[in-house]
Amino acid sequence: MDNYSEYTQFLLEHIFEYYKECRDEWGATEPDDKLFPEVKDKNKMYEMASLHGFLVRDEAYSGKRTISLFYNCTWNEEEGMGIDISLGNTVSETKVVKIGNIGDVY
């Protein structure tokens, strides 16, 4: 895949922002909180989220080039995390449509 590292950094940034939103929303206030530790380096997300599935939507049916990625994550083991992505021809044209629990995205 061309520009693989650009795509991974693109996703990593969105996952990191989503984690910080969840941490704020669910009330983690201590840096050593077990469920929501304070994370300053987005690369830590590699240890906290792991891809376990994906869905490629049929462009002919949906009219869009989209995929959904499904992750196990340490901060929400029950519901996981899902990301809907609208694919462009380049990284700059690729957009995250939705990020949330797997059930919200699927």
# chains A, B, ... in the order shown; residues from 1 in each chain; ligands from 1
$ residues_around --residues "segment 73-78 of chain A" --least-positions-apart "3" --cutoff "9 Å" --atoms "only C-alpha atoms" --output "number ranges by chain"
A: 19, 22-23, 34-36, 45, 47-51, 81, 101
$ closest_atom_pairs --of "segment 39-60 of chain A" --to "segment 4-13 of chain A" --cutoff "9 Å" --atoms "only C-alpha atoms" --output "Markdown table"
| residue | atom | partner | partner_atom | distance |
| --- | --- | --- | --- | --- |
| A:Lys42 | CA | A:Leu12 | CA | 6.8 |
| A:Asn43 | CA | A:Leu12 | CA | 7.4 |
| A:Met45 | CA | A:Leu12 | CA | 7.1 |
| A:Tyr46 | CA | A:Leu12 | CA | 8.2 |
$ atom_distance --atom1 "atom CA of Glu38 of chain A" --atom2 "atom CA of Glu79 of chain A"
20.8 Å
$ atom_distance --atom1 "atom CA of Val39 of chain A" --atom2 "atom CA of Thr94 of chain A"
25.7 Å
$ atom_distance --atom1 "atom CA of Thr66 of chain A" --atom2 "atom CA of Val97 of chain A"
9.0 Å
$ closest_residue --among "A:His52, A:Lys98, A:Lys64, A:Arg57" --to "Ile15 of chain A" --atoms "only C-alpha atoms"
A:Lys98
$ select_by_dssp --residues "segment 2-90 of chain A" --states "helix (DSSP H, G or I)" --output "PyMOL selection string"
chain A and resi 4-25+42-48+59-62
$ write_last_selection --atoms "C-alpha atoms" --output "tab-separated table (two decimals), in the first residue's frame"
chain	number	residue	atom	x	y	z
A	4	TYR	CA	1.16	3.18	4.49
A	5	SER	CA	2.86	5.20	7.24
A	6	GLU	CA	0.77	8.27	6.37
A	7	TYR	CA	-2.45	6.25	6.69
A	8	THR	CA	-1.38	4.71	10.01
A	9	GLN	CA	-0.50	8.14	11.40
A	10	PHE	CA	-3.84	9.47	10.14
A	11	LEU	CA	-5.70	6.71	12.00
A	12	LEU	CA	-3.51	6.93	15.07
A	13	GLU	CA	-4.28	10.63	15.46
A	14	HIS	CA	-8.04	9.97	15.36
A	15	ILE	CA	-7.79	7.06	17.79
A	16	PHE	CA	-5.72	9.19	20.18
A	17	GLU	CA	-8.25	12.06	20.05
A	18	TYR	CA	-11.13	9.62	20.62
A	19	TYR	CA	-9.32	8.13	23.63
A	20	LYS	CA	-8.83	11.58	25.15
A	21	GLU	CA	-12.53	12.39	24.61
A	22	CYS	CA	-13.55	9.11	26.31
A	23	ARG	CA	-11.16	9.77	29.18
A	24	ASP	CA	-12.65	13.24	29.71
A	25	GLU	CA	-16.25	12.07	29.28
A	42	LYS	CA	-0.14	8.88	20.60
A	43	ASN	CA	2.09	5.90	19.77
A	44	LYS	CA	0.94	4.37	23.07
A	45	MET	CA	-2.34	3.66	21.26
A	46	TYR	CA	-0.57	0.75	19.53
A	47	GLU	CA	-0.48	-0.96	22.93
A	48	MET	CA	-4.05	0.03	23.88
A	59	GLU	CA	-19.23	0.77	-3.52
A	60	ALA	CA	-21.74	-0.33	-6.16
A	61	TYR	CA	-24.38	-0.76	-3.45
A	62	SER	CA	-23.62	2.15	-1.14
$ select_by_dssp --residues "chain A" --states "strand (DSSP E or B)" --output "compact mmCIF listing (two decimals) with N, CA and C atoms, in the first residue's frame"
# COMPACT_ATOMS: atom_id res chain seq x y z
N ALA A 49 -4.95 -0.41 21.66
CA ALA A 49 -6.01 -0.75 20.70
C ALA A 49 -5.43 -1.71 19.66
N SER A 50 -6.17 -2.78 19.38
CA SER A 50 -5.71 -3.73 18.37
C SER A 50 -6.85 -4.06 17.42
N LEU A 51 -6.55 -4.00 16.16
CA LEU A 51 -7.53 -4.27 15.11
C LEU A 51 -7.96 -5.73 15.19
N HIS A 52 -9.27 -5.97 15.20
CA HIS A 52 -9.74 -7.35 15.21
C HIS A 52 -10.71 -7.65 14.08
N GLY A 53 -11.07 -6.65 13.29
CA GLY A 53 -11.95 -6.91 12.17
C GLY A 53 -12.15 -5.68 11.31
N PHE A 54 -12.62 -5.90 10.11
CA PHE A 54 -12.93 -4.79 9.23
C PHE A 54 -14.04 -5.19 8.27
N LEU A 55 -14.69 -4.20 7.72
CA LEU A 55 -15.78 -4.40 6.78
C LEU A 55 -15.55 -3.45 5.61
N VAL A 56 -15.52 -4.00 4.42
CA VAL A 56 -15.39 -3.19 3.22
C VAL A 56 -16.77 -3.12 2.59
N THR A 66 -16.17 3.20 1.35
CA THR A 66 -16.01 3.26 2.80
C THR A 66 -15.59 1.90 3.36
N ILE A 67 -14.87 1.97 4.46
CA ILE A 67 -14.53 0.79 5.22
C ILE A 67 -14.80 1.08 6.69
N SER A 68 -15.04 0.04 7.43
CA SER A 68 -15.18 0.15 8.89
C SER A 68 -14.10 -0.72 9.51
N LEU A 69 -13.43 -0.17 10.51
CA LEU A 69 -12.39 -0.89 11.24
C LEU A 69 -12.90 -1.12 12.66
N PHE A 70 -12.69 -2.33 13.18
CA PHE A 70 -13.16 -2.68 14.52
C PHE A 70 -11.97 -3.07 15.39
N TYR A 71 -11.90 -2.47 16.57
CA TYR A 71 -10.76 -2.64 17.46
C TYR A 71 -11.20 -3.16 18.82
N ASN A 72 -10.35 -3.97 19.43
CA ASN A 72 -10.41 -4.22 20.86
C ASN A 72 -9.62 -3.07 21.48
N CYS A 73 -10.07 -2.56 22.60
CA CYS A 73 -9.32 -1.49 23.24
C CYS A 73 -9.37 -1.64 24.75
N MET A 81 -14.04 -0.40 19.91
CA MET A 81 -14.03 0.88 19.19
C MET A 81 -14.18 0.58 17.70
N GLY A 82 -14.95 1.41 17.03
CA GLY A 82 -15.11 1.28 15.58
C GLY A 82 -14.85 2.61 14.90
N ILE A 83 -14.34 2.53 13.68
CA ILE A 83 -14.07 3.72 12.89
C ILE A 83 -14.62 3.50 11.49
N ASP A 84 -15.48 4.41 11.04
CA ASP A 84 -15.95 4.42 9.65
C ASP A 84 -15.08 5.40 8.89
N ILE A 85 -14.56 4.97 7.75
CA ILE A 85 -13.65 5.80 6.96
C ILE A 85 -14.16 5.89 5.54
N SER A 86 -14.23 7.11 5.03
CA SER A 86 -14.54 7.36 3.64
C SER A 86 -13.20 7.49 2.91
N LYS A 95 -11.32 10.57 4.93
CA LYS A 95 -11.98 11.21 6.08
C LYS A 95 -12.54 10.17 7.04
N VAL A 96 -12.42 10.45 8.32
CA VAL A 96 -13.11 9.64 9.32
C VAL A 96 -14.54 10.14 9.40
N VAL A 97 -15.48 9.28 9.09
CA VAL A 97 -16.89 9.63 9.09
C VAL A 97 -17.46 9.54 10.50
N LYS A 98 -17.06 8.48 11.21
CA LYS A 98 -17.57 8.27 12.58
C LYS A 98 -16.56 7.43 13.34
N ILE A 99 -16.45 7.74 14.63
CA ILE A 99 -15.63 6.95 15.53
C ILE A 99 -16.41 6.81 16.84
N GLY A 100 -16.45 5.62 17.37
CA GLY A 100 -17.19 5.38 18.60
C GLY A 100 -17.13 3.91 18.97
